Amino acid sequence: MGAVVADDGPSGVKAPDGGWGWAVLFGCFIITGFSYAFPKAVSVFFKELIREFGIGYSDTAWISSILLAMLYGTGPLCSVCVNRFGCRPVMLVGGLFASMGMVIASFCTSIVQIYLTAGVITGLGLALNFQPSLIMLNRYFDKRRPLANGLSAAGSPVFLCALSPLGQILQHEYGWRGGFLILGGMLLNCCVCGALMRPLEPPKKSEAAKEPTEKKVKKKLLDFSVFKDGGFVIYALAASIMVLGLFVPPVFVVSYAKDLGYQDTKAAFLLTILGFIDIFARPICGMVAGLKWVRPRCVYLFSFAMIFNGFTDLMGSMSVDYGGLVVFCIFFGISYGMVGALQFEVLMAIVGTQKFSSAIGLVLLAEAMAVLIGPPSAGKKRRKLLDATGRYMFVFIIAGIEVTTSALVLALGNFFCIKKKSEEPHTKEEAAEREELNKSENKSPEDAKVDSIEVEQFLKDEPEKNGEVVTNPETCV
């Protein structure tokens with residue numbers, strides 16, 4: 001693994017936009033697939049668990065709920081670990097946790113033990129892999145970052161289409177205990193992906209130029225100054241509203257089809273259509289977001305994707321036959337894929353590389369709070385509404401309104417409340433870094449030495465700004 005370094009971003013190092021970055025992208029694709037698809041794939045074992053322990057379906061559903069709660073709710077913890085130890089060590093430990101949780105769960109004798117193992121331990125392991133992989137992707141890609149985000153996000157539908165049938169095969173051949181054991185072994189691949197996350201190294205300097213920069217700077221483990229950024233606050237609020245309705249249609253669309261009188265297999269095929277469209281929608285959206293004219297307005301493209309998703313829900317509520325539901329799944333797959341491809345790209349663009357490790361943890365925590373607070377009451381209301389009316393139309397309408405509201409909050413908040421950011425660097429630290437990078441290519445070693453000393457002195461004289469200690473680019477890795 002090499003030495004453990006403070007992982008605040010390789011200041012002064014340009015993103016390679018390729019090279020080893022493609023290996024990092026591959027690892028991020030695998031991690032994203034496991035993180036989002038695994039909680040759903042585990043649900044295929046629920047019938048066996050119900051028969052084994054004599055419990056109800058709601059008791060087994062807690063396994064997936066705990067997995068998702070750990071994935072989202074431990075965001076700040078992951079940020080602290082990454083900022084303290086670095087992405088690669090955190091991911092290696094996370095891979096061991098994810099695998100160990102499923103392996104131990106295969107020997108459990110009660111549902112509570114499975115909550116603690118397959119739920120808490122595996123969920124924590126997946127969280128310790130998911131967040132650092134996105135951070136490393138942000139480090140390795142700049143110009144091609146929208147495309148990279150789209151390709152990595154495609155791991156979610158790909159793995160969902162693969163893990164669910166695989167889980168059924170494992171359950172049929174080896175039972176739930178053997179299936180858990182094999183899945184635990186598969187999760188060890190997270191360690192392989194973690195090993196791919198090689199830290200970026202700063203450009204080599206002469207020994208004389210390094211001497212004045214030996215002093216290390218203490219780094220914040222969790223940077224709350226992101227809340228001073230209006231763009232981040234608006235994004236976090238919009239994302240919290242969005243998650244209330246975004247995941248509702250995929251859960252209810254199968255029941256919707258059954259309620260219309262269609263067979264179980266035909267109803268379940270709707271999810272296959274949705275997932276197949278989603279696989280292609282994410283990378284294509286990433287390519288569009290990377291276009292020269294579109295990228296500076298990526299936040300509005302993200303708002304459009306959410307409005308498109310909400311409008312699709314509203315139109316889907318009027319479906320009266322199987323053909324209407326197929327059309328709904330096609331358009332929902334497109335809009336859902338657009339949201340998945342853009343959500344972290346927009347956050348990266350808002351906060352920048354230096355603060356992304358803290359920002360993503362805080363956003364995931366905000367979404368977790370919304371998921372834990374919102375759906376219990378909203379779910380009961382939806383069930384009561386279904387019982388009272390016997391129609392799924394109103395469930396889809398509520399979901400569409402929630403997602404559309406989040407889109408309006410993001411678009412209008414950015415348009416009216418956020419001033420256009422200057423093309424110039426946001427801080428004097430970034431200005432010094434860029435000036436040093438531009439000059440170092442055309443100067444002799446002696447000139448580079450003088451510039452390094454001058455930049456360091458300039459940064460030392462700069463007072464603390466917004467609670468952050470301004471650091472020398474040479475000492476950030």
# chains A, B, ... in the order shown; residues from 1 in each chain; ligands from 1

call {"tool": "residues_around", "arguments": {"residues": "Ser79 (chain A)", "least_positions_apart": "5", "cutoff": "9 Å", "atoms": "only C-alpha atoms", "output": "VMD selection string"}}
result
chain A and resid 74 84 131 to 132 221 to 222 357 to 362

call {"tool": "write_last_selection", "arguments": {"atoms": "all heavy atoms", "output": "CSV table (one decimal), in the first residue's frame"}}
result
chain,number,residue,atom,x,y,z
A,74,THR,N,-23.4,6.7,7.0
A,74,THR,CA,-22.0,6.7,7.4
A,74,THR,C,-21.2,7.6,6.5
A,74,THR,O,-19.9,7.5,6.6
A,74,THR,CB,-21.4,5.3,7.4
A,74,THR,OG1,-21.5,4.7,6.1
A,74,THR,CG2,-22.1,4.4,8.4
A,84,ARG,N,-8.1,11.2,6.7
A,84,ARG,CA,-7.1,10.8,7.7
A,84,ARG,C,-6.1,9.8,7.2
A,84,ARG,O,-4.9,9.9,7.3
A,84,ARG,CB,-7.7,10.3,9.0
A,84,ARG,CG,-6.8,9.8,10.0
A,84,ARG,CD,-5.8,10.9,10.5
A,84,ARG,NE,-4.9,10.4,11.5
A,84,ARG,CZ,-3.7,9.9,11.2
A,84,ARG,NH1,-3.3,9.8,9.9
A,84,ARG,NH2,-2.9,9.4,12.1
A,131,GLN,N,-17.7,5.7,-1.3
A,131,GLN,CA,-17.4,7.1,-1.3
A,131,GLN,C,-15.9,7.4,-1.7
A,131,GLN,O,-15.7,8.2,-2.5
A,131,GLN,CB,-17.6,7.6,0.1
A,131,GLN,CG,-17.5,9.1,0.3
A,131,GLN,CD,-18.0,9.6,1.6
A,131,GLN,OE1,-19.0,9.2,2.1
A,131,GLN,NE2,-17.2,10.5,2.2
A,132,PRO,N,-14.9,6.6,-1.2
A,132,PRO,CA,-13.5,6.8,-1.7
A,132,PRO,C,-13.4,6.6,-3.2
A,132,PRO,O,-12.5,7.3,-3.8
A,132,PRO,CB,-12.7,5.8,-0.9
A,132,PRO,CG,-13.5,5.6,0.3
A,132,PRO,CD,-14.9,5.6,-0.1
A,221,LEU,N,-10.4,16.9,9.4
A,221,LEU,CA,-10.9,15.6,9.0
A,221,LEU,C,-12.3,15.7,8.4
A,221,LEU,O,-12.7,14.8,7.6
A,221,LEU,CB,-11.0,14.7,10.3
A,221,LEU,CG,-9.6,14.4,10.9
A,221,LEU,CD1,-9.8,13.6,12.2
A,221,LEU,CD2,-8.7,13.7,9.9
A,222,LEU,N,-13.1,16.7,8.7
A,222,LEU,CA,-14.4,16.9,8.1
A,222,LEU,C,-14.6,18.4,8.0
A,222,LEU,O,-14.7,19.1,9.0
A,222,LEU,CB,-15.5,16.3,9.0
A,222,LEU,CG,-16.9,16.2,8.3
A,222,LEU,CD1,-16.8,15.3,7.0
A,222,LEU,CD2,-17.9,15.6,9.3
A,357,SER,N,-14.4,15.4,-0.8
A,357,SER,CA,-14.4,14.3,0.2
A,357,SER,C,-15.3,14.5,1.4
A,357,SER,O,-16.0,13.6,1.9
A,357,SER,CB,-13.0,13.9,0.7
A,357,SER,OG,-12.4,15.1,1.3
A,358,SER,N,-15.3,15.8,1.9
A,358,SER,CA,-16.2,16.1,3.0
A,358,SER,C,-17.6,16.4,2.5
A,358,SER,O,-18.6,16.0,3.1
A,358,SER,CB,-15.7,17.4,3.7
A,358,SER,OG,-14.4,17.2,4.3
A,359,ALA,N,-17.8,17.0,1.3
A,359,ALA,CA,-19.1,17.3,0.8
A,359,ALA,C,-20.0,16.1,0.5
A,359,ALA,O,-21.1,16.1,0.9
A,359,ALA,CB,-19.0,18.2,-0.5
A,360,ILE,N,-19.4,15.1,-0.1
A,360,ILE,CA,-20.2,13.9,-0.4
A,360,ILE,C,-20.6,13.2,0.8
A,360,ILE,O,-21.8,12.7,0.9
A,360,ILE,CB,-19.4,13.0,-1.3
A,360,ILE,CG1,-20.3,11.8,-1.8
A,360,ILE,CG2,-18.1,12.4,-0.6
A,360,ILE,CD1,-19.6,10.9,-2.8
A,361,GLY,N,-19.8,13.2,1.9
A,361,GLY,CA,-20.2,12.5,3.1
A,361,GLY,C,-21.4,13.2,3.8
A,361,GLY,O,-22.3,12.6,4.2
A,362,LEU,N,-21.4,14.6,3.7
A,362,LEU,CA,-22.5,15.3,4.3
A,362,LEU,C,-23.7,15.2,3.5
A,362,LEU,O,-24.8,15.2,4.1
A,362,LEU,CB,-22.0,16.8,4.5
A,362,LEU,CG,-20.9,17.0,5.5
A,362,LEU,CD1,-20.3,18.5,5.4
A,362,LEU,CD2,-21.3,16.7,6.9

call {"tool": "closest_residue", "arguments": {"among": "A:Met315, A:Ile350, A:Ala370, A:Ile55", "to": "Gly400 (chain A)", "atoms": "only C-alpha atoms"}}
result
A:Met315

call {"tool": "closest_residue", "arguments": {"among": "A:Gly33, A:Pro165, A:Glu201, A:Gly175", "to": "Lys47 (chain A)", "atoms": "only C-alpha atoms"}}
result
A:Gly175

call {"tool": "atom_distance", "arguments": {"atom1": "CA of Val103 (chain A)", "atom2": "CA of Met197 (chain A)"}}
result
25.1 Å

call {"tool": "residues_around", "arguments": {"residues": "Ala61 (chain A)", "least_positions_apart": "6", "cutoff": "10 Å", "atoms": "only C-alpha atoms", "output": "list in words"}}
result
Pro39, Lys40, Val42, Ser43 and Phe46 of chain A

call {"tool": "closest_residue", "arguments": {"among": "A:Ile273, A:Gly290, A:Leu314, A:Asn414", "to": "Ile334 (chain A)", "atoms": "only C-alpha atoms"}}
result
A:Ile273

call {"tool": "residues_around", "arguments": {"residues": "region 245-262 of chain A", "least_positions_apart": "4", "cutoff": "9 Å", "atoms": "only C-alpha atoms", "output": "mmCIF file with all heavy atoms, in the first residue's frame"}}
result
data_model
loop_
_atom_site.group_PDB
_atom_site.id
_atom_site.type_symbol
_atom_site.label_atom_id
_atom_site.label_comp_id
_atom_site.auth_asym_id
_atom_site.auth_seq_id
_atom_site.Cartn_x
_atom_site.Cartn_y
_atom_site.Cartn_z
ATOM 1 N N ILE A 241 -34.870 16.166 -0.938
ATOM 2 C CA ILE A 241 -36.268 16.079 -1.393
ATOM 3 C C ILE A 241 -36.403 15.024 -2.479
ATOM 4 O O ILE A 241 -37.375 14.265 -2.520
ATOM 5 C CB ILE A 241 -36.751 17.454 -1.911
ATOM 6 C CG1 ILE A 241 -36.676 18.501 -0.791
ATOM 7 C CG2 ILE A 241 -38.170 17.356 -2.449
ATOM 8 C CD1 ILE A 241 -36.973 19.919 -1.253
ATOM 9 N N LYS A 266 -44.644 -11.520 -16.446
ATOM 10 C CA LYS A 266 -44.804 -10.385 -17.352
ATOM 11 C C LYS A 266 -44.639 -9.075 -16.599
ATOM 12 O O LYS A 266 -44.066 -8.110 -17.127
ATOM 13 C CB LYS A 266 -46.187 -10.449 -18.001
ATOM 14 C CG LYS A 266 -46.307 -9.612 -19.271
ATOM 15 C CD LYS A 266 -47.625 -9.894 -19.986
ATOM 16 C CE LYS A 266 -47.689 -9.088 -21.288
ATOM 17 N NZ LYS A 266 -48.953 -9.350 -22.032
ATOM 18 N N ALA A 267 -45.124 -9.030 -15.372
ATOM 19 C CA ALA A 267 -44.977 -7.826 -14.560
ATOM 20 C C ALA A 267 -43.515 -7.588 -14.192
ATOM 21 O O ALA A 267 -43.017 -6.455 -14.248
ATOM 22 C CB ALA A 267 -45.833 -7.938 -13.300
ATOM 23 N N ALA A 268 -42.813 -8.666 -13.825
ATOM 24 C CA ALA A 268 -41.401 -8.531 -13.445
ATOM 25 C C ALA A 268 -40.535 -8.116 -14.630
ATOM 26 O O ALA A 268 -39.482 -7.493 -14.453
ATOM 27 C CB ALA A 268 -40.892 -9.845 -12.865
ATOM 28 N N PHE A 269 -40.962 -8.430 -15.845
ATOM 29 C CA PHE A 269 -40.193 -8.066 -17.041
ATOM 30 C C PHE A 269 -40.092 -6.558 -17.214
ATOM 31 O O PHE A 269 -39.187 -6.056 -17.877
ATOM 32 C CB PHE A 269 -40.845 -8.697 -18.278
ATOM 33 C CG PHE A 269 -40.049 -8.502 -19.541
ATOM 34 C CD1 PHE A 269 -38.827 -9.140 -19.711
ATOM 35 C CD2 PHE A 269 -40.518 -7.680 -20.550
ATOM 36 C CE1 PHE A 269 -38.090 -8.960 -20.870
ATOM 37 C CE2 PHE A 269 -39.800 -7.496 -21.713
ATOM 38 C CZ PHE A 269 -38.575 -8.137 -21.878
ATOM 39 N N LEU A 270 -40.995 -5.814 -16.600
ATOM 40 C CA LEU A 270 -40.941 -4.352 -16.664
ATOM 41 C C LEU A 270 -39.644 -3.814 -16.055
ATOM 42 O O LEU A 270 -39.053 -2.866 -16.568
ATOM 43 C CB LEU A 270 -42.152 -3.752 -15.948
ATOM 44 C CG LEU A 270 -43.514 -3.978 -16.613
ATOM 45 C CD1 LEU A 270 -44.631 -3.515 -15.692
ATOM 46 C CD2 LEU A 270 -43.583 -3.258 -17.955
ATOM 47 N N LEU A 271 -39.207 -4.428 -14.958
ATOM 48 C CA LEU A 271 -37.955 -4.004 -14.339
ATOM 49 C C LEU A 271 -36.763 -4.313 -15.230
ATOM 50 O O LEU A 271 -35.769 -3.571 -15.235
ATOM 51 C CB LEU A 271 -37.785 -4.680 -12.975
ATOM 52 C CG LEU A 271 -38.708 -4.206 -11.851
ATOM 53 C CD1 LEU A 271 -38.411 -4.972 -10.572
ATOM 54 C CD2 LEU A 271 -38.550 -2.709 -11.618
ATOM 55 N N LEU A 274 -36.656 -1.519 -17.733
ATOM 56 C CA LEU A 274 -36.154 -0.307 -17.078
ATOM 57 C C LEU A 274 -34.639 -0.372 -16.887
ATOM 58 O O LEU A 274 -33.918 0.592 -17.187
ATOM 59 C CB LEU A 274 -36.865 -0.143 -15.726
ATOM 60 C CG LEU A 274 -36.748 1.177 -14.983
ATOM 61 C CD1 LEU A 274 -37.934 1.339 -14.034
ATOM 62 C CD2 LEU A 274 -35.459 1.270 -14.175
ATOM 63 N N MET A 306 -34.292 15.694 -13.483
ATOM 64 C CA MET A 306 -35.243 15.453 -12.392
ATOM 65 C C MET A 306 -36.667 15.821 -12.804
ATOM 66 O O MET A 306 -37.626 15.128 -12.457
ATOM 67 C CB MET A 306 -34.807 16.227 -11.147
ATOM 68 C CG MET A 306 -33.556 15.663 -10.492
ATOM 69 S SD MET A 306 -33.229 16.349 -8.852
ATOM 70 C CE MET A 306 -32.754 18.018 -9.265
ATOM 71 N N ASN A 309 -37.891 13.127 -14.938
ATOM 72 C CA ASN A 309 -38.246 11.968 -14.125
ATOM 73 C C ASN A 309 -39.591 12.165 -13.441
ATOM 74 O O ASN A 309 -40.440 11.260 -13.435
ATOM 75 C CB ASN A 309 -37.145 11.709 -13.093
ATOM 76 C CG ASN A 309 -37.371 10.442 -12.296
ATOM 77 O OD1 ASN A 309 -38.022 10.448 -11.264
ATOM 78 N ND2 ASN A 309 -36.817 9.339 -12.786
ATOM 79 N N GLY A 310 -39.795 13.340 -12.866
ATOM 80 C CA GLY A 310 -41.066 13.615 -12.199
ATOM 81 C C GLY A 310 -42.230 13.635 -13.165
ATOM 82 O O GLY A 310 -43.321 13.106 -12.867
ATOM 83 N N ASP A 313 -43.236 10.154 -14.028
ATOM 84 C CA ASP A 313 -44.073 9.560 -12.981
ATOM 85 C C ASP A 313 -45.527 10.001 -13.125
ATOM 86 O O ASP A 313 -46.459 9.185 -12.976
ATOM 87 C CB ASP A 313 -43.559 9.960 -11.599
ATOM 88 C CG ASP A 313 -42.200 9.354 -11.286
ATOM 89 O OD1 ASP A 313 -41.811 8.393 -11.966
ATOM 90 O OD2 ASP A 313 -41.517 9.860 -10.374
ATOM 91 N N VAL A 320 -53.111 2.503 -18.225
ATOM 92 C CA VAL A 320 -54.272 1.642 -17.988
ATOM 93 C C VAL A 320 -54.066 0.241 -18.558
ATOM 94 O O VAL A 320 -54.937 -0.626 -18.397
ATOM 95 C CB VAL A 320 -55.549 2.263 -18.599
ATOM 96 C CG1 VAL A 320 -55.922 3.550 -17.884
ATOM 97 C CG2 VAL A 320 -55.367 2.512 -20.098
ATOM 98 N N ASP A 321 -52.906 0.010 -19.214
ATOM 99 C CA ASP A 321 -52.647 -1.321 -19.760
ATOM 100 C C ASP A 321 -51.138 -1.578 -19.744
ATOM 101 O O ASP A 321 -50.337 -0.705 -19.356
ATOM 102 C CB ASP A 321 -53.208 -1.473 -21.177
ATOM 103 C CG ASP A 321 -52.700 -0.396 -22.138
ATOM 104 O OD1 ASP A 321 -51.668 0.242 -21.833
ATOM 105 O OD2 ASP A 321 -53.335 -0.195 -23.191
ATOM 106 N N TYR A 322 -50.751 -2.774 -20.163
ATOM 107 C CA TYR A 322 -49.338 -3.172 -20.129
ATOM 108 C C TYR A 322 -48.490 -2.329 -21.067
ATOM 109 O O TYR A 322 -47.354 -1.971 -20.738
ATOM 110 C CB TYR A 322 -49.207 -4.649 -20.495
ATOM 111 C CG TYR A 322 -47.835 -5.223 -20.233
ATOM 112 C CD1 TYR A 322 -47.449 -5.583 -18.942
ATOM 113 C CD2 TYR A 322 -46.934 -5.414 -21.279
ATOM 114 C CE1 TYR A 322 -46.196 -6.116 -18.697
ATOM 115 C CE2 TYR A 322 -45.673 -5.951 -21.041
ATOM 116 C CZ TYR A 322 -45.308 -6.295 -19.755
ATOM 117 O OH TYR A 322 -44.059 -6.815 -19.512
ATOM 118 N N LEU A 325 -47.454 0.846 -19.407
ATOM 119 C CA LEU A 325 -46.402 0.645 -18.414
ATOM 120 C C LEU A 325 -45.043 0.416 -19.069
ATOM 121 O O LEU A 325 -44.011 0.828 -18.538
ATOM 122 C CB LEU A 325 -46.759 -0.537 -17.506
ATOM 123 C CG LEU A 325 -47.912 -0.320 -16.535
ATOM 124 C CD1 LEU A 325 -48.192 -1.588 -15.741
ATOM 125 C CD2 LEU A 325 -47.632 0.842 -15.592
ATOM 126 N N CYS A 329 -41.773 2.652 -18.392
ATOM 127 C CA CYS A 329 -40.474 2.121 -17.971
ATOM 128 C C CYS A 329 -39.351 2.581 -18.889
ATOM 129 O O CYS A 329 -38.220 2.814 -18.440
ATOM 130 C CB CYS A 329 -40.524 0.594 -17.923
ATOM 131 S SG CYS A 329 -41.476 -0.054 -16.533
ATOM 132 N N PHE A 332 -38.849 6.263 -17.976
ATOM 133 C CA PHE A 332 -38.323 6.340 -16.610
ATOM 134 C C PHE A 332 -36.877 5.868 -16.570
ATOM 135 O O PHE A 332 -36.049 6.443 -15.854
ATOM 136 C CB PHE A 332 -39.171 5.489 -15.657
ATOM 137 C CG PHE A 332 -38.757 5.620 -14.214
ATOM 138 C CD1 PHE A 332 -39.267 6.637 -13.427
ATOM 139 C CD2 PHE A 332 -37.846 4.735 -13.641
ATOM 140 C CE1 PHE A 332 -38.874 6.770 -12.096
ATOM 141 C CE2 PHE A 332 -37.450 4.854 -12.318
ATOM 142 C CZ PHE A 332 -37.970 5.876 -11.553
ATOM 143 N N TYR A 336 -34.111 8.231 -15.158
ATOM 144 C CA TYR A 336 -33.441 7.686 -13.966
ATOM 145 C C TYR A 336 -31.939 7.552 -14.214
ATOM 146 O O TYR A 336 -31.119 7.847 -13.337
ATOM 147 C CB TYR A 336 -34.059 6.327 -13.631
ATOM 148 C CG TYR A 336 -33.629 5.740 -12.305
ATOM 149 C CD1 TYR A 336 -34.098 6.279 -11.119
ATOM 150 C CD2 TYR A 336 -32.788 4.636 -12.247
ATOM 151 C CE1 TYR A 336 -33.725 5.722 -9.896
ATOM 152 C CE2 TYR A 336 -32.414 4.076 -11.043
ATOM 153 C CZ TYR A 336 -32.878 4.629 -9.863
ATOM 154 O OH TYR A 336 -32.507 4.089 -8.666
ATOM 155 N N PRO A 375 -39.850 8.368 4.251
ATOM 156 C CA PRO A 375 -40.585 7.188 3.813
ATOM 157 C C PRO A 375 -41.442 6.471 4.843
ATOM 158 O O PRO A 375 -42.472 5.947 4.473
ATOM 159 C CB PRO A 375 -39.469 6.272 3.301
ATOM 160 C CG PRO A 375 -38.443 7.218 2.813
ATOM 161 C CD PRO A 375 -38.475 8.354 3.785
ATOM 162 N N GLY A 390 -57.558 1.800 -3.970
ATOM 163 C CA GLY A 390 -57.268 0.624 -4.783
ATOM 164 C C GLY A 390 -56.568 0.960 -6.081
ATOM 165 O O GLY A 390 -56.547 0.146 -7.010
ATOM 166 N N ARG A 391 -55.980 2.150 -6.177
ATOM 167 C CA ARG A 391 -55.337 2.596 -7.417
ATOM 168 C C ARG A 391 -53.918 3.067 -7.111
ATOM 169 O O ARG A 391 -53.674 3.776 -6.128
ATOM 170 C CB ARG A 391 -56.137 3.727 -8.071
ATOM 171 C CG ARG A 391 -57.567 3.359 -8.385
ATOM 172 C CD ARG A 391 -58.307 4.510 -9.040
ATOM 173 N NE ARG A 391 -57.757 4.836 -10.353
ATOM 174 C CZ ARG A 391 -58.179 5.850 -11.100
ATOM 175 N NH1 ARG A 391 -59.139 6.641 -10.635
ATOM 176 N NH2 ARG A 391 -57.642 6.079 -12.271
ATOM 177 N N TYR A 392 -52.991 2.681 -8.001
ATOM 178 C CA TYR A 392 -51.587 3.083 -7.847
ATOM 179 C C TYR A 392 -51.315 4.456 -8.447
ATOM 180 O O TYR A 392 -50.214 4.984 -8.309
ATOM 181 C CB TYR A 392 -50.677 2.045 -8.515
ATOM 182 C CG TYR A 392 -50.518 0.773 -7.719
ATOM 183 C CD1 TYR A 392 -51.430 -0.262 -7.845
ATOM 184 C CD2 TYR A 392 -49.463 0.629 -6.829
ATOM 185 C CE1 TYR A 392 -51.297 -1.428 -7.111
ATOM 186 C CE2 TYR A 392 -49.314 -0.536 -6.089
ATOM 187 C CZ TYR A 392 -50.233 -1.561 -6.235
ATOM 188 O OH TYR A 392 -50.092 -2.709 -5.496
ATOM 189 N N MET A 393 -52.306 5.028 -9.097
ATOM 190 C CA MET A 393 -52.127 6.315 -9.756
ATOM 191 C C MET A 393 -51.644 7.380 -8.775
ATOM 192 O O MET A 393 -50.722 8.150 -9.071
ATOM 193 C CB MET A 393 -53.450 6.752 -10.393
ATOM 194 C CG MET A 393 -53.400 8.132 -11.047
ATOM 195 S SD MET A 393 -54.996 8.597 -11.766
ATOM 196 C CE MET A 393 -55.949 8.882 -10.267
ATOM 197 N N VAL A 395 -50.033 7.059 -5.960
ATOM 198 C CA VAL A 395 -48.668 6.816 -5.485
ATOM 199 C C VAL A 395 -47.652 7.419 -6.463
ATOM 200 O O VAL A 395 -46.689 8.073 -6.069
ATOM 201 C CB VAL A 395 -48.419 5.299 -5.322
ATOM 202 C CG1 VAL A 395 -46.960 5.031 -4.968
ATOM 203 C CG2 VAL A 395 -49.340 4.723 -4.259
ATOM 204 N N PHE A 396 -47.884 7.220 -7.748
ATOM 205 C CA PHE A 396 -46.996 7.755 -8.767
ATOM 206 C C PHE A 396 -47.084 9.279 -8.835
ATOM 207 O O PHE A 396 -46.084 9.960 -9.092
ATOM 208 C CB PHE A 396 -47.326 7.135 -10.129
ATOM 209 C CG PHE A 396 -46.769 5.758 -10.318
ATOM 210 C CD1 PHE A 396 -47.205 4.684 -9.556
ATOM 211 C CD2 PHE A 396 -45.779 5.520 -11.258
ATOM 212 C CE1 PHE A 396 -46.690 3.419 -9.728
ATOM 213 C CE2 PHE A 396 -45.245 4.249 -11.435
ATOM 214 C CZ PHE A 396 -45.703 3.197 -10.663
ATOM 215 N N ILE A 398 -47.727 11.345 -6.311
ATOM 216 C CA ILE A 398 -46.983 11.904 -5.170
ATOM 217 C C ILE A 398 -45.481 11.847 -5.437
ATOM 218 O O ILE A 398 -44.751 12.816 -5.178
ATOM 219 C CB ILE A 398 -47.338 11.122 -3.876
ATOM 220 C CG1 ILE A 398 -48.799 11.354 -3.502
ATOM 221 C CG2 ILE A 398 -46.416 11.547 -2.736
ATOM 222 C CD1 ILE A 398 -49.267 10.515 -2.337
ATOM 223 N N ALA A 399 -44.995 10.723 -5.958
ATOM 224 C CA ALA A 399 -43.565 10.602 -6.268
ATOM 225 C C ALA A 399 -43.148 11.627 -7.313
ATOM 226 O O ALA A 399 -42.082 12.255 -7.205
ATOM 227 C CB ALA A 399 -43.257 9.188 -6.764
ATOM 228 N N GLY A 400 -43.976 11.818 -8.331
ATOM 229 C CA GLY A 400 -43.653 12.795 -9.365
ATOM 230 C C GLY A 400 -43.592 14.209 -8.824
ATOM 231 O O GLY A 400 -42.711 14.996 -9.214
ATOM 232 N N ILE A 401 -44.501 14.538 -7.928
ATOM 233 C CA ILE A 401 -44.505 15.887 -7.332
ATOM 234 C C ILE A 401 -43.235 16.105 -6.505
ATOM 235 O O ILE A 401 -42.623 17.185 -6.551
ATOM 236 C CB ILE A 401 -45.765 16.084 -6.470
ATOM 237 C CG1 ILE A 401 -47.013 16.129 -7.367
ATOM 238 C CG2 ILE A 401 -45.658 17.358 -5.638
ATOM 239 C CD1 ILE A 401 -48.318 16.173 -6.601
ATOM 240 N N GLU A 402 -42.819 15.094 -5.745
ATOM 241 C CA GLU A 402 -41.627 15.226 -4.897
ATOM 242 C C GLU A 402 -40.368 15.435 -5.743
ATOM 243 O O GLU A 402 -39.535 16.309 -5.442
ATOM 244 C CB GLU A 402 -41.481 13.982 -4.019
ATOM 245 C CG GLU A 402 -42.532 13.887 -2.931
ATOM 246 C CD GLU A 402 -42.562 12.536 -2.235
ATOM 247 O OE1 GLU A 402 -42.049 11.554 -2.808
ATOM 248 O OE2 GLU A 402 -43.104 12.451 -1.117
ATOM 249 N N VAL A 403 -40.210 14.656 -6.802
ATOM 250 C CA VAL A 403 -39.019 14.787 -7.641
ATOM 251 C C VAL A 403 -39.035 16.112 -8.399
ATOM 252 O O VAL A 403 -38.004 16.787 -8.519
ATOM 253 C CB VAL A 403 -38.915 13.603 -8.623
ATOM 254 C CG1 VAL A 403 -37.714 13.775 -9.544
ATOM 255 C CG2 VAL A 403 -38.786 12.292 -7.859
#

call {"tool": "atom_distance", "arguments": {"atom1": "CA of Asp264 (chain A)", "atom2": "CA of Val326 (chain A)"}}
result
14.8 Å

call {"tool": "atom_distance", "arguments": {"atom1": "CA of Glu52 (chain A)", "atom2": "CA of Ser65 (chain A)"}}
result
20.1 Å

call {"tool": "residues_around", "arguments": {"residues": "Gly27 (chain A)", "least_positions_apart": "2", "cutoff": "8 Å", "atoms": "only C-alpha atoms", "output": "PyMOL selection string"}}
result
chain A and resi 23-25+29-31+133+192-194+196-197

call {"tool": "write_last_selection", "arguments": {"atoms": "N, CA, C and O atoms", "output": "compact mmCIF listing (two decimals), in the first residue's frame"}}
result
# COMPACT_ATOMS: atom_id res chain seq x y z
N ALA A 23 -8.11 2.45 -15.15
CA ALA A 23 -8.15 1.37 -14.15
C ALA A 23 -8.96 1.82 -12.94
O ALA A 23 -9.73 1.04 -12.35
N VAL A 24 -8.78 3.09 -12.54
CA VAL A 24 -9.57 3.65 -11.44
C VAL A 24 -11.05 3.65 -11.80
O VAL A 24 -11.91 3.32 -10.97
N LEU A 25 -11.36 4.00 -13.05
CA LEU A 25 -12.76 4.00 -13.51
C LEU A 25 -13.35 2.60 -13.46
O LEU A 25 -14.51 2.41 -13.04
N PHE A 29 -16.53 1.45 -11.26
CA PHE A 29 -17.68 0.77 -11.87
C PHE A 29 -18.09 -0.45 -11.04
O PHE A 29 -19.28 -0.65 -10.76
N ILE A 30 -17.10 -1.25 -10.62
CA ILE A 30 -17.39 -2.45 -9.81
C ILE A 30 -17.96 -2.05 -8.45
O ILE A 30 -18.97 -2.62 -7.99
N ILE A 31 -17.35 -1.07 -7.81
CA ILE A 31 -17.79 -0.65 -6.47
C ILE A 31 -19.20 -0.08 -6.52
O ILE A 31 -20.04 -0.38 -5.66
N SER A 133 -14.11 5.65 -3.77
CA SER A 133 -13.97 5.39 -5.21
C SER A 133 -14.41 6.61 -6.01
O SER A 133 -13.79 6.96 -7.03
N VAL A 192 -9.64 -5.73 -4.37
CA VAL A 192 -8.90 -5.59 -5.63
C VAL A 192 -9.12 -4.21 -6.22
O VAL A 192 -8.18 -3.54 -6.67
N CYS A 193 -10.38 -3.76 -6.20
CA CYS A 193 -10.69 -2.42 -6.70
C CYS A 193 -10.00 -1.35 -5.86
O CYS A 193 -9.52 -0.34 -6.39
N GLY A 194 -9.94 -1.57 -4.55
CA GLY A 194 -9.25 -0.61 -3.69
C GLY A 194 -7.77 -0.53 -4.01
O GLY A 194 -7.16 0.54 -3.95
N LEU A 196 -6.49 -0.74 -6.83
CA LEU A 196 -6.31 0.02 -8.07
C LEU A 196 -6.24 1.52 -7.83
O LEU A 196 -5.79 2.27 -8.71
N MET A 197 -6.69 1.98 -6.66
CA MET A 197 -6.77 3.41 -6.39
C MET A 197 -5.41 3.98 -5.99
O MET A 197 -5.16 4.36 -4.85
